[in-house]
file model_16.pdb (PDB, C-alpha atoms)
ATOM      1  CA  GLU T   1     -28.686  11.781 -76.651  1.00  0.00           C
ATOM      2  CA  ALA T   2     -30.214  13.696 -73.735  1.00  0.00           C
ATOM      3  CA  GLN T   3     -28.441  16.990 -73.369  1.00  0.00           C
ATOM      4  CA  VAL T   4     -28.474  20.687 -72.564  1.00  0.00           C
ATOM      5  CA  THR T   5     -26.763  22.885 -75.137  1.00  0.00           C
ATOM      6  CA  GLN T   6     -25.591  26.469 -74.822  1.00  0.00           C
ATOM      7  CA  ASN T   7     -24.349  28.944 -77.395  1.00  0.00           C
ATOM      8  CA  PRO T   8     -21.969  30.563 -77.701  1.00  0.00           C
ATOM      9  CA  ARG T   9     -19.400  28.740 -75.566  1.00  0.00           C
ATOM     10  CA  TYR T  10     -17.109  31.766 -75.446  1.00  0.00           C
ATOM     11  CA  LEU T  11     -17.952  35.432 -75.898  1.00  0.00           C
ATOM     12  CA  ILE T  12     -16.016  38.669 -75.602  1.00  0.00           C
ATOM     13  CA  THR T  13     -18.051  41.856 -75.753  1.00  0.00           C
ATOM     14  CA  VAL T  14     -17.945  45.494 -74.689  1.00  0.00           C
ATOM     15  CA  THR T  15     -19.888  47.318 -72.020  1.00  0.00           C
ATOM     16  CA  GLY T  16     -23.417  48.180 -73.073  1.00  0.00           C
ATOM     17  CA  LYS T  17     -23.703  45.944 -76.130  1.00  0.00           C
ATOM     18  CA  LYS T  18     -26.776  43.748 -75.766  1.00  0.00           C
ATOM     19  CA  LEU T  19     -26.207  40.027 -75.988  1.00  0.00           C
ATOM     20  CA  THR T  20     -28.160  36.788 -75.726  1.00  0.00           C
ATOM     21  CA  VAL T  21     -26.924  33.387 -74.631  1.00  0.00           C
ATOM     22  CA  THR T  22     -29.136  30.589 -75.869  1.00  0.00           C
ATOM     23  CA  CYS T  23     -29.988  27.415 -73.982  1.00  0.00           C
ATOM     24  CA  SER T  24     -31.843  24.403 -75.310  1.00  0.00           C
ATOM     25  CA  GLN T  25     -32.737  21.010 -73.821  1.00  0.00           C
ATOM     26  CA  ASN T  26     -34.130  17.926 -75.526  1.00  0.00           C
ATOM     27  CA  MET T  27     -35.439  16.125 -72.440  1.00  0.00           C
ATOM     28  CA  ASN T  28     -38.871  17.775 -72.321  1.00  0.00           C
ATOM     29  CA  HIS T  29     -38.081  19.134 -68.843  1.00  0.00           C
ATOM     30  CA  GLU T  30     -40.404  21.759 -67.448  1.00  0.00           C
ATOM     31  CA  TYR T  31     -37.882  23.348 -65.090  1.00  0.00           C
ATOM     32  CA  MET T  32     -34.911  25.295 -66.436  1.00  0.00           C
ATOM     33  CA  SER T  33     -32.529  27.722 -64.784  1.00  0.00           C
ATOM     34  CA  TRP T  34     -29.467  29.883 -65.287  1.00  0.00           C
ATOM     35  CA  TYR T  35     -26.440  30.081 -62.973  1.00  0.00           C
ATOM     36  CA  ARG T  36     -23.275  32.065 -62.914  1.00  0.00           C
ATOM     37  CA  GLN T  37     -20.073  30.669 -61.460  1.00  0.00           C
ATOM     38  CA  ASP T  38     -17.387  32.889 -59.980  1.00  0.00           C
ATOM     39  CA  PRO T  39     -14.233  31.862 -58.104  1.00  0.00           C
ATOM     40  CA  GLY T  40     -14.884  31.291 -54.418  1.00  0.00           C
ATOM     41  CA  LEU T  41     -18.630  31.852 -54.790  1.00  0.00           C
ATOM     42  CA  GLY T  42     -19.752  28.563 -56.288  1.00  0.00           C
ATOM     43  CA  LEU T  43     -22.820  28.546 -58.500  1.00  0.00           C
ATOM     44  CA  ARG T  44     -25.446  31.213 -57.959  1.00  0.00           C
ATOM     45  CA  GLN T  45     -28.858  31.076 -59.533  1.00  0.00           C
ATOM     46  CA  ILE T  46     -29.817  33.996 -61.781  1.00  0.00           C
ATOM     47  CA  TYR T  47     -33.308  33.094 -62.988  1.00  0.00           C
ATOM     48  CA  TYR T  48     -35.401  29.999 -63.226  1.00  0.00           C
ATOM     49  CA  SER T  49     -38.498  28.893 -65.089  1.00  0.00           C
ATOM     50  CA  MET T  50     -40.995  26.311 -63.930  1.00  0.00           C
ATOM     51  CA  ASN T  51     -42.761  26.097 -67.279  1.00  0.00           C
ATOM     52  CA  VAL T  52     -43.539  27.981 -70.470  1.00  0.00           C
ATOM     53  CA  GLU T  53     -44.220  31.654 -69.736  1.00  0.00           C
ATOM     54  CA  VAL T  54     -43.430  31.135 -66.019  1.00  0.00           C
ATOM     55  CA  THR T  55     -40.152  32.676 -64.854  1.00  0.00           C
ATOM     56  CA  ASP T  56     -38.870  33.968 -61.544  1.00  0.00           C
ATOM     57  CA  LYS T  57     -35.792  35.592 -60.040  1.00  0.00           C
ATOM     58  CA  GLY T  58     -33.043  33.590 -58.422  1.00  0.00           C
ATOM     59  CA  ASP T  59     -30.390  34.938 -56.071  1.00  0.00           C
ATOM     60  CA  VAL T  60     -28.597  37.319 -58.464  1.00  0.00           C
ATOM     61  CA  PRO T  61     -31.070  38.529 -61.149  1.00  0.00           C
ATOM     62  CA  GLU T  62     -29.899  42.141 -61.482  1.00  0.00           C
ATOM     63  CA  GLY T  63     -28.782  42.997 -65.013  1.00  0.00           C
ATOM     64  CA  TYR T  64     -30.321  39.896 -66.593  1.00  0.00           C
ATOM     65  CA  LYS T  65     -33.544  38.982 -68.346  1.00  0.00           C
ATOM     66  CA  VAL T  66     -34.937  35.665 -69.483  1.00  0.00           C
ATOM     67  CA  SER T  67     -37.832  34.413 -71.549  1.00  0.00           C
ATOM     68  CA  ARG T  68     -39.525  31.033 -71.869  1.00  0.00           C
ATOM     69  CA  LYS T  69     -41.712  31.027 -74.968  1.00  0.00           C
ATOM     70  CA  GLU T  70     -41.323  27.308 -75.596  1.00  0.00           C
ATOM     71  CA  LYS T  71     -40.432  24.428 -73.330  1.00  0.00           C
ATOM     72  CA  ARG T  72     -37.080  23.526 -74.857  1.00  0.00           C
ATOM     73  CA  ASN T  73     -35.501  27.013 -74.947  1.00  0.00           C
ATOM     74  CA  PHE T  74     -34.546  29.397 -72.160  1.00  0.00           C
ATOM     75  CA  PRO T  75     -32.357  32.267 -73.403  1.00  0.00           C
ATOM     76  CA  LEU T  76     -30.455  34.582 -71.063  1.00  0.00           C
ATOM     77  CA  ILE T  77     -30.421  38.233 -72.114  1.00  0.00           C
ATOM     78  CA  LEU T  78     -27.994  40.916 -70.980  1.00  0.00           C
ATOM     79  CA  GLU T  79     -29.510  44.191 -72.143  1.00  0.00           C
ATOM     80  CA  SER T  80     -26.514  46.331 -71.176  1.00  0.00           C
ATOM     81  CA  PRO T  81     -23.605  44.145 -70.062  1.00  0.00           C
ATOM     82  CA  SER T  82     -21.120  45.482 -67.539  1.00  0.00           C
ATOM     83  CA  PRO T  83     -17.669  44.189 -66.542  1.00  0.00           C
ATOM     84  CA  ASN T  84     -19.031  42.708 -63.292  1.00  0.00           C
ATOM     85  CA  GLN T  85     -21.032  40.302 -65.445  1.00  0.00           C
ATOM     86  CA  THR T  86     -17.820  38.693 -66.657  1.00  0.00           C
ATOM     87  CA  SER T  87     -18.333  35.126 -65.515  1.00  0.00           C
ATOM     88  CA  LEU T  88     -18.942  31.516 -66.456  1.00  0.00           C
ATOM     89  CA  TYR T  89     -22.630  30.873 -67.124  1.00  0.00           C
ATOM     90  CA  PHE T  90     -24.455  27.568 -66.951  1.00  0.00           C
ATOM     91  CA  CYS T  91     -27.910  26.649 -68.085  1.00  0.00           C
ATOM     92  CA  ALA T  92     -29.612  23.674 -66.459  1.00  0.00           C
ATOM     93  CA  SER T  93     -32.818  21.728 -66.850  1.00  0.00           C
ATOM     94  CA  SER T  94     -34.299  19.419 -64.299  1.00  0.00           C
ATOM     95  CA  TYR T  95     -36.747  16.699 -63.580  1.00  0.00           C
ATOM     96  CA  ALA T  96     -37.704  15.497 -60.098  1.00  0.00           C
ATOM     97  CA  GLY T  97     -35.207  17.787 -58.433  1.00  0.00           C
ATOM     98  CA  THR T  98     -32.009  16.656 -60.154  1.00  0.00           C
ATOM     99  CA  GLN T  99     -30.497  19.228 -62.468  1.00  0.00           C
ATOM    100  CA  TYR T 100     -28.570  18.551 -65.672  1.00  0.00           C
ATOM    101  CA  PHE T 101     -26.129  21.217 -66.720  1.00  0.00           C
ATOM    102  CA  GLY T 102     -25.025  22.545 -70.076  1.00  0.00           C
ATOM    103  CA  PRO T 103     -21.327  22.891 -70.964  1.00  0.00           C
ATOM    104  CA  GLY T 104     -21.106  26.551 -69.945  1.00  0.00           C
ATOM    105  CA  THR T 105     -20.588  29.927 -71.631  1.00  0.00           C
ATOM    106  CA  ARG T 106     -17.553  31.949 -70.681  1.00  0.00           C
ATOM    107  CA  LEU T 107     -18.313  35.660 -71.010  1.00  0.00           C
ATOM    108  CA  LEU T 108     -15.830  38.516 -70.857  1.00  0.00           C
ATOM    109  CA  VAL T 109     -17.204  42.058 -70.774  1.00  0.00           C
ATOM    110  CA  LEU T 110     -14.611  44.737 -71.496  1.00  0.00           C
TER     111      LEU T 110
ATOM    112  CA  GLY V   1     -31.790  32.749 -47.524  1.00  0.00           C
ATOM    113  CA  GLN V   2     -30.360  29.289 -47.113  1.00  0.00           C
ATOM    114  CA  GLN V   3     -26.589  28.984 -47.011  1.00  0.00           C
ATOM    115  CA  LEU V   4     -24.352  25.981 -47.476  1.00  0.00           C
ATOM    116  CA  ASN V   5     -20.888  25.652 -46.011  1.00  0.00           C
ATOM    117  CA  GLN V   6     -18.735  23.134 -47.807  1.00  0.00           C
ATOM    118  CA  SER V   7     -15.401  21.929 -46.471  1.00  0.00           C
ATOM    119  CA  PRO V   8     -12.613  21.577 -47.038  1.00  0.00           C
ATOM    120  CA  GLN V   9     -12.108  24.220 -49.713  1.00  0.00           C
ATOM    121  CA  SER V  10      -9.275  22.225 -51.260  1.00  0.00           C
ATOM    122  CA  MET V  11      -7.497  18.920 -50.795  1.00  0.00           C
ATOM    123  CA  PHE V  12      -4.148  17.614 -52.034  1.00  0.00           C
ATOM    124  CA  ILE V  13      -3.860  13.852 -51.718  1.00  0.00           C
ATOM    125  CA  GLN V  14      -1.832  10.925 -52.999  1.00  0.00           C
ATOM    126  CA  GLU V  15      -3.315   8.415 -55.381  1.00  0.00           C
ATOM    127  CA  GLY V  16      -4.913   5.576 -53.425  1.00  0.00           C
ATOM    128  CA  GLU V  17      -5.926   7.671 -50.426  1.00  0.00           C
ATOM    129  CA  ASP V  18      -9.510   8.055 -49.295  1.00  0.00           C
ATOM    130  CA  VAL V  19     -11.226  11.456 -49.431  1.00  0.00           C
ATOM    131  CA  SER V  20     -13.978  12.930 -47.310  1.00  0.00           C
ATOM    132  CA  MET V  21     -15.818  16.217 -47.733  1.00  0.00           C
ATOM    133  CA  ASN V  22     -18.986  17.584 -46.214  1.00  0.00           C
ATOM    134  CA  CYS V  23     -21.628  20.264 -46.360  1.00  0.00           C
ATOM    135  CA  THR V  24     -23.627  21.843 -43.582  1.00  0.00           C
ATOM    136  CA  SER V  25     -26.628  24.078 -43.828  1.00  0.00           C
ATOM    137  CA  SER V  26     -28.351  26.638 -41.664  1.00  0.00           C
ATOM    138  CA  SER V  27     -31.710  25.089 -42.534  1.00  0.00           C
ATOM    139  CA  ILE V  28     -33.151  21.809 -43.750  1.00  0.00           C
ATOM    140  CA  PHE V  29     -33.243  20.448 -47.283  1.00  0.00           C
ATOM    141  CA  ASN V  30     -35.496  17.850 -48.894  1.00  0.00           C
ATOM    142  CA  THR V  31     -32.790  16.584 -51.240  1.00  0.00           C
ATOM    143  CA  TRP V  32     -28.997  16.609 -51.261  1.00  0.00           C
ATOM    144  CA  LEU V  33     -27.040  16.351 -54.490  1.00  0.00           C
ATOM    145  CA  TRP V  34     -23.334  15.920 -55.151  1.00  0.00           C
ATOM    146  CA  TYR V  35     -21.789  17.123 -58.416  1.00  0.00           C
ATOM    147  CA  LYS V  36     -18.340  16.965 -59.962  1.00  0.00           C
ATOM    148  CA  GLN V  37     -17.038  19.600 -62.350  1.00  0.00           C
ATOM    149  CA  ASP V  38     -14.092  18.983 -64.650  1.00  0.00           C
ATOM    150  CA  PRO V  39     -12.178  21.953 -66.089  1.00  0.00           C
ATOM    151  CA  GLY V  40     -14.107  23.606 -68.908  1.00  0.00           C
ATOM    152  CA  GLU V  41     -17.207  21.492 -68.340  1.00  0.00           C
ATOM    153  CA  GLY V  42     -20.535  21.828 -66.603  1.00  0.00           C
ATOM    154  CA  PRO V  43     -21.214  20.054 -63.286  1.00  0.00           C
ATOM    155  CA  VAL V  44     -22.157  16.400 -63.609  1.00  0.00           C
ATOM    156  CA  LEU V  45     -24.432  14.729 -61.087  1.00  0.00           C
ATOM    157  CA  LEU V  46     -22.699  12.022 -59.029  1.00  0.00           C
ATOM    158  CA  ILE V  47     -25.194  11.074 -56.336  1.00  0.00           C
ATOM    159  CA  ALA V  48     -28.683  12.193 -55.314  1.00  0.00           C
ATOM    160  CA  LEU V  49     -30.052  11.667 -51.794  1.00  0.00           C
ATOM    161  CA  TYR V  50     -33.763  11.965 -51.087  1.00  0.00           C
ATOM    162  CA  LYS V  51     -34.294  10.822 -47.502  1.00  0.00           C
ATOM    163  CA  ALA V  52     -32.796  11.715 -44.113  1.00  0.00           C
ATOM    164  CA  GLY V  53     -30.304   9.031 -43.101  1.00  0.00           C
ATOM    165  CA  GLU V  54     -30.012   7.673 -46.638  1.00  0.00           C
ATOM    166  CA  LEU V  55     -26.617   6.242 -47.553  1.00  0.00           C
ATOM    167  CA  THR V  56     -25.963   5.774 -51.271  1.00  0.00           C
ATOM    168  CA  SER V  57     -22.967   4.471 -53.194  1.00  0.00           C
ATOM    169  CA  ASN V  58     -21.895   4.938 -56.781  1.00  0.00           C
ATOM    170  CA  GLY V  59     -18.752   2.907 -57.418  1.00  0.00           C
ATOM    171  CA  ARG V  60     -16.013   4.318 -55.186  1.00  0.00           C
ATOM    172  CA  LEU V  61     -18.244   7.184 -54.086  1.00  0.00           C
ATOM    173  CA  THR V  62     -20.464   7.079 -51.024  1.00  0.00           C
ATOM    174  CA  ALA V  63     -22.711   9.887 -49.823  1.00  0.00           C
ATOM    175  CA  GLN V  64     -25.048  10.264 -46.886  1.00  0.00           C
ATOM    176  CA  PHE V  65     -28.013  12.511 -46.136  1.00  0.00           C
ATOM    177  CA  GLY V  66     -27.676  13.617 -42.508  1.00  0.00           C
ATOM    178  CA  ILE V  67     -30.351  12.717 -39.989  1.00  0.00           C
ATOM    179  CA  THR V  68     -30.977  16.368 -39.153  1.00  0.00           C
ATOM    180  CA  ARG V  69     -31.462  17.120 -42.894  1.00  0.00           C
ATOM    181  CA  LYS V  70     -28.939  19.925 -42.492  1.00  0.00           C
ATOM    182  CA  ASP V  71     -25.800  18.121 -43.611  1.00  0.00           C
ATOM    183  CA  SER V  72     -24.346  15.638 -46.045  1.00  0.00           C
ATOM    184  CA  PHE V  73     -20.977  14.070 -46.709  1.00  0.00           C
ATOM    185  CA  LEU V  74     -19.244  12.539 -49.712  1.00  0.00           C
ATOM    186  CA  ASN V  75     -16.483   9.950 -49.452  1.00  0.00           C
ATOM    187  CA  ILE V  76     -14.240   8.801 -52.296  1.00  0.00           C
ATOM    188  CA  SER V  77     -12.294   5.617 -51.661  1.00  0.00           C
ATOM    189  CA  ALA V  78      -8.962   4.680 -53.255  1.00  0.00           C
ATOM    190  CA  SER V  79      -8.615   7.912 -55.214  1.00  0.00           C
ATOM    191  CA  ILE V  80      -7.231   7.893 -58.760  1.00  0.00           C
ATOM    192  CA  PRO V  81      -5.875  10.763 -60.891  1.00  0.00           C
ATOM    193  CA  SER V  82      -9.142  11.168 -62.836  1.00  0.00           C
ATOM    194  CA  ASP V  83     -10.908  12.075 -59.565  1.00  0.00           C
ATOM    195  CA  VAL V  84      -9.311  15.509 -59.918  1.00  0.00           C
ATOM    196  CA  GLY V  85     -11.871  18.292 -60.191  1.00  0.00           C
ATOM    197  CA  ILE V  86     -14.211  20.463 -58.176  1.00  0.00           C
ATOM    198  CA  TYR V  87     -16.893  18.759 -56.121  1.00  0.00           C
ATOM    199  CA  PHE V  88     -20.059  20.627 -55.223  1.00  0.00           C
ATOM    200  CA  CYS V  89     -22.788  19.785 -52.798  1.00  0.00           C
ATOM    201  CA  ALA V  90     -26.236  21.194 -53.459  1.00  0.00           C
ATOM    202  CA  GLY V  91     -29.346  21.266 -51.359  1.00  0.00           C
ATOM    203  CA  LEU V  92     -32.846  21.344 -52.742  1.00  0.00           C
ATOM    204  CA  PHE V  93     -35.762  22.682 -50.779  1.00  0.00           C
ATOM    205  CA  TYR V  94     -39.289  22.464 -52.040  1.00  0.00           C
ATOM    206  CA  ALA V  95     -42.708  22.707 -50.527  1.00  0.00           C
ATOM    207  CA  GLY V  96     -46.325  22.759 -51.479  1.00  0.00           C
ATOM    208  CA  GLY V  97     -46.377  19.522 -53.468  1.00  0.00           C
ATOM    209  CA  THR V  98     -43.917  20.615 -56.112  1.00  0.00           C
ATOM    210  CA  SER V  99     -40.587  18.880 -56.662  1.00  0.00           C
ATOM    211  CA  TYR V 100     -38.920  21.778 -58.436  1.00  0.00           C
ATOM    212  CA  GLY V 101     -37.780  23.983 -55.551  1.00  0.00           C
ATOM    213  CA  LYS V 102     -34.682  26.076 -55.229  1.00  0.00           C
ATOM    214  CA  LEU V 103     -31.225  24.556 -55.494  1.00  0.00           C
ATOM    215  CA  THR V 104     -28.491  26.050 -53.312  1.00  0.00           C
ATOM    216  CA  PHE V 105     -24.846  25.183 -53.978  1.00  0.00           C
ATOM    217  CA  GLY V 106     -21.860  24.938 -51.686  1.00  0.00           C
ATOM    218  CA  GLN V 107     -18.679  26.800 -52.582  1.00  0.00           C
ATOM    219  CA  GLY V 108     -16.972  23.662 -53.871  1.00  0.00           C
ATOM    220  CA  THR V 109     -14.022  21.462 -52.869  1.00  0.00           C
ATOM    221  CA  ILE V 110     -11.042  21.454 -55.234  1.00  0.00           C
ATOM    222  CA  LEU V 111      -9.488  17.992 -55.275  1.00  0.00           C
ATOM    223  CA  THR V 112      -5.960  17.382 -56.511  1.00  0.00           C
ATOM    224  CA  VAL V 113      -4.630  13.828 -56.713  1.00  0.00           C
ATOM    225  CA  HIS V 114      -0.891  13.252 -57.049  1.00  0.00           C
ATOM    226  CA  PRO V 115       0.074  10.047 -58.882  1.00  0.00           C
TER     227      PRO V 115
END

call {"tool": "encode", "arguments": {"input": "model_16.pdb", "output": "structure tokens"}}
result
Amino acid sequence: EAQVTQNPRYLITVTGKKLTVTCSQNMNHEYMSWYRQDPGLGLRQIYYSMNVEVTDKGDVPEGYKVSRKEKRNFPLILESPSPNQTSLYFCASSYAGTQYFGPGTRLLVL
Amino acid sequence: GQQLNQSPQSMFIQEGEDVSMNCTSSSIFNTWLWYKQDPGEGPVLLIALYKAGELTSNGRLTAQFGITRKDSFLNISASIPSDVGIYFCAGLFYAGGTSYGKLTFGQGTILTVHP
């Protein structure tokens, strides 16, 4: 089954404790991206990757890092999380412009 | 950067009614996409539009890509309770021969359907 998976689905952490949210797709898509979703703001792109070892900033990249060492995986790294990064995060992969989303990771930073 | 205005922000309707929502942009897009998000889930693609003026249907859903390339609408006919959710428009702009471009989302329309 073609899908995008994210882990963990739910995470509670404290300010400053580094964390990684994993994302994996099995569709051999070159393009992957990360979004955060906040009430009233819709989905905002954090980072995207057009292929292995090619990443670029989206609209809200501050406080986040990504890496793309292999095509199927695109982890999101928060080196020093802060409460304003409490949000719902979605990973997506795409082919020919249409994006397929993962189930989301709900993060709470205390 | 590009901005999308989606309206209405929310709708409360009776089962069986038709629904219409739209998105307008300050600049042109090459592709318009409509997604639906159920609670606790990621957005799911409903309809993709690739050409100005294109009108596409998917069951009870119909969407159009505006002639100016700056707007799109989504209609849902004969709504049912499972239509409840958040609907997002998204515009994709790309140039230079690549189809990957940047996707910009509207703020979403929250649809509630009363049985």

call {"tool": "closest_residue", "arguments": {"input": "model_16.pdb", "among": "V:Leu61, V:Val44, V:Leu55, V:Ile13", "to": "Asn75 (chain V)", "atoms": "all atoms listed in the file"}}
result
V:Leu61

call {"tool": "residues_near_point", "arguments": {"input": "model_16.pdb", "point": "(-15.1, 21.3, -69.8)", "cutoff": "12 Å", "atoms": "all atoms listed in the file", "output": "CSV table (one decimal) with C-alpha atoms, keeping the file's coordinate frame"}}
result
chain,number,residue,atom,x,y,z
T,9,ARG,CA,-19.4,28.7,-75.6
T,88,LEU,CA,-18.9,31.5,-66.5
T,90,PHE,CA,-24.5,27.6,-67.0
T,101,PHE,CA,-26.1,21.2,-66.7
T,102,GLY,CA,-25.0,22.5,-70.1
T,103,PRO,CA,-21.3,22.9,-71.0
T,104,GLY,CA,-21.1,26.6,-69.9
T,105,THR,CA,-20.6,29.9,-71.6
T,106,ARG,CA,-17.6,31.9,-70.7
V,36,LYS,CA,-18.3,17.0,-60.0
V,37,GLN,CA,-17.0,19.6,-62.4
V,38,ASP,CA,-14.1,19.0,-64.6
V,39,PRO,CA,-12.2,22.0,-66.1
V,40,GLY,CA,-14.1,23.6,-68.9
V,41,GLU,CA,-17.2,21.5,-68.3
V,42,GLY,CA,-20.5,21.8,-66.6
V,43,PRO,CA,-21.2,20.1,-63.3
V,44,VAL,CA,-22.2,16.4,-63.6
V,85,GLY,CA,-11.9,18.3,-60.2
V,86,ILE,CA,-14.2,20.5,-58.2

call {"tool": "resolve_selection", "arguments": {"input": "model_16.pdb", "expression": "the PyMOL selection byres ((chain T and resi 71) around 9)", "output": "ChimeraX atom specification"}}
result
/T:24-25,28-32,51-53,68-70,72-74

call {"tool": "resolve_selection", "arguments": {"input": "model_16.pdb", "expression": "the PyMOL selection byres ((chain T) within 9 of (chain V))", "output": "PyMOL selection string"}}
result
chain T and resi 31+39-45+48+50+58-59+90-91+94-104

call {"tool": "residues_around", "arguments": {"input": "model_16.pdb", "residues": "Pro75 (chain T)", "least_positions_apart": "3", "cutoff": "7 Å", "atoms": "only C-alpha atoms", "output": "list in words"}}
result
Thr20, Val21, Thr22, Cys23, Val66 and Ser67 of chain T

call {"tool": "write_last_selection", "arguments": {"input": "model_16.pdb", "atoms": "C-alpha atoms", "output": "JSON list (two decimals), keeping the file's coordinate frame"}}
result
[["chain", "number", "residue", "atom", "x", "y", "z"],
["T", 20, "THR", "CA", -28.16, 36.79, -75.73],
["T", 21, "VAL", "CA", -26.92, 33.39, -74.63],
["T", 22, "THR", "CA", -29.14, 30.59, -75.87],
["T", 23, "CYS", "CA", -29.99, 27.42, -73.98],
["T", 66, "VAL", "CA", -34.94, 35.66, -69.48],
["T", 67, "SER", "CA", -37.83, 34.41, -71.55]]

call {"tool": "closest_residue", "arguments": {"input": "model_16.pdb", "among": "T:Thr15, T:Val60, T:Ala2, T:Asp38", "to": "Pro83 (chain T)", "atoms": "all atoms listed in the file"}}
result
T:Thr15

call {"tool": "atom_distance", "arguments": {"input": "model_16.pdb", "atom1": "CA of Leu110 (chain T)", "atom2": "CA of Ser87 (chain T)"}}
result
11.9 Å

call {"tool": "decode", "arguments": {"input": "model_16.pdb", "residues": "region 32-97 of chain V", "atoms": "C-alpha atoms", "output": "PDB file, in the first residue's frame"}}
result
ATOM      1  CA  TRP V  32      -4.955  24.096  -7.931  1.00  0.00           C
ATOM      2  CA  LEU V  33      -5.586  21.300  -5.460  1.00  0.00           C
ATOM      3  CA  TRP V  34      -8.451  20.670  -3.061  1.00  0.00           C
ATOM      4  CA  TYR V  35      -7.929  18.594   0.088  1.00  0.00           C
ATOM      5  CA  LYS V  36     -10.167  17.344   2.870  1.00  0.00           C
ATOM      6  CA  GLN V  37      -8.923  16.757   6.397  1.00  0.00           C
ATOM      7  CA  ASP V  38     -10.802  14.603   8.885  1.00  0.00           C
ATOM      8  CA  PRO V  39     -10.131  15.024  12.616  1.00  0.00           C
ATOM      9  CA  GLY V  40      -6.844  13.415  13.620  1.00  0.00           C
ATOM     10  CA  GLU V  41      -5.853  12.655  10.036  1.00  0.00           C
ATOM     11  CA  GLY V  42      -3.666  14.166   7.364  1.00  0.00           C
ATOM     12  CA  PRO V  43      -5.188  16.022   4.390  1.00  0.00           C
ATOM     13  CA  VAL V  44      -6.437  13.786   1.599  1.00  0.00           C
ATOM     14  CA  LEU V  45      -6.435  14.954  -2.001  1.00  0.00           C
ATOM     15  CA  LEU V  46      -9.932  15.353  -3.477  1.00  0.00           C
ATOM     16  CA  ILE V  47      -9.406  17.036  -6.833  1.00  0.00           C
ATOM     17  CA  ALA V  48      -6.430  18.345  -8.808  1.00  0.00           C
ATOM     18  CA  LEU V  49      -6.782  21.000 -11.523  1.00  0.00           C
ATOM     19  CA  TYR V  50      -4.003  21.599 -14.028  1.00  0.00           C
ATOM     20  CA  LYS V  51      -5.364  24.021 -16.621  1.00  0.00           C
ATOM     21  CA  ALA V  52      -7.059  27.433 -16.528  1.00  0.00           C
ATOM     22  CA  GLY V  53     -10.796  26.988 -17.055  1.00  0.00           C
ATOM     23  CA  GLU V  54     -10.683  23.282 -16.225  1.00  0.00           C
ATOM     24  CA  LEU V  55     -13.798  21.896 -14.553  1.00  0.00           C
ATOM     25  CA  THR V  56     -13.401  18.520 -12.848  1.00  0.00           C
ATOM     26  CA  SER V  57     -15.825  16.329 -10.924  1.00  0.00           C
ATOM     27  CA  ASN V  58     -15.258  13.572  -8.411  1.00  0.00           C
ATOM     28  CA  GLY V  59     -18.607  12.097  -7.402  1.00  0.00           C
ATOM     29  CA  ARG V  60     -20.594  14.852  -5.688  1.00  0.00           C
ATOM     30  CA  LEU V  61     -17.612  17.198  -5.776  1.00  0.00           C
ATOM     31  CA  THR V  62     -16.934  19.650  -8.576  1.00  0.00           C
ATOM     32  CA  ALA V  63     -14.005  22.051  -8.754  1.00  0.00           C
ATOM     33  CA  GLN V  64     -12.926  24.645 -11.271  1.00  0.00           C
ATOM     34  CA  PHE V  65      -9.626  26.337 -12.077  1.00  0.00           C
ATOM     35  CA  GLY V  66     -10.389  30.016 -12.700  1.00  0.00           C
ATOM     36  CA  ILE V  67      -9.644  31.568 -16.068  1.00  0.00           C
ATOM     37  CA  THR V  68      -7.360  34.171 -14.510  1.00  0.00           C
ATOM     38  CA  ARG V  69      -5.398  31.368 -12.755  1.00  0.00           C
ATOM     39  CA  LYS V  70      -5.859  33.292  -9.517  1.00  0.00           C
ATOM     40  CA  ASP V  71      -8.926  31.525  -8.162  1.00  0.00           C
ATOM     41  CA  SER V  72     -10.681  28.215  -7.765  1.00  0.00           C
ATOM     42  CA  PHE V  73     -13.932  26.969  -6.305  1.00  0.00           C
ATOM     43  CA  LEU V  74     -15.183  23.687  -4.882  1.00  0.00           C
ATOM     44  CA  ASN V  75     -18.836  22.664  -4.854  1.00  0.00           C
ATOM     45  CA  ILE V  76     -20.310  19.739  -2.928  1.00  0.00           C
ATOM     46  CA  SER V  77     -23.796  18.688  -3.964  1.00  0.00           C
ATOM     47  CA  ALA V  78     -26.371  16.983  -1.731  1.00  0.00           C
ATOM     48  CA  SER V  79     -24.194  17.032   1.378  1.00  0.00           C
ATOM     49  CA  ILE V  80     -24.153  14.069   3.766  1.00  0.00           C
ATOM     50  CA  PRO V  81     -22.898  13.825   7.369  1.00  0.00           C
ATOM     51  CA  SER V  82     -19.569  12.247   6.346  1.00  0.00           C
ATOM     52  CA  ASP V  83     -18.729  15.427   4.391  1.00  0.00           C
ATOM     53  CA  VAL V  84     -17.893  17.001   7.752  1.00  0.00           C
ATOM     54  CA  GLY V  85     -14.279  18.122   7.983  1.00  0.00           C
ATOM     55  CA  ILE V  86     -11.894  20.877   6.994  1.00  0.00           C
ATOM     56  CA  TYR V  87     -11.454  21.613   3.309  1.00  0.00           C
ATOM     57  CA  PHE V  88      -8.262  23.223   2.071  1.00  0.00           C
ATOM     58  CA  CYS V  89      -7.413  24.724  -1.256  1.00  0.00           C
ATOM     59  CA  ALA V  90      -3.779  24.756  -2.304  1.00  0.00           C
ATOM     60  CA  GLY V  91      -2.022  26.446  -5.159  1.00  0.00           C
ATOM     61  CA  LEU V  92       1.125  25.163  -6.779  1.00  0.00           C
ATOM     62  CA  PHE V  93       3.494  27.410  -8.645  1.00  0.00           C
ATOM     63  CA  TYR V  94       6.455  26.074 -10.523  1.00  0.00           C
ATOM     64  CA  ALA V  95       8.729  27.341 -13.218  1.00  0.00           C
ATOM     65  CA  GLY V  96      11.814  26.406 -15.114  1.00  0.00           C
ATOM     66  CA  GLY V  97      10.642  23.013 -16.356  1.00  0.00           C
TER      67      GLY V  97
END
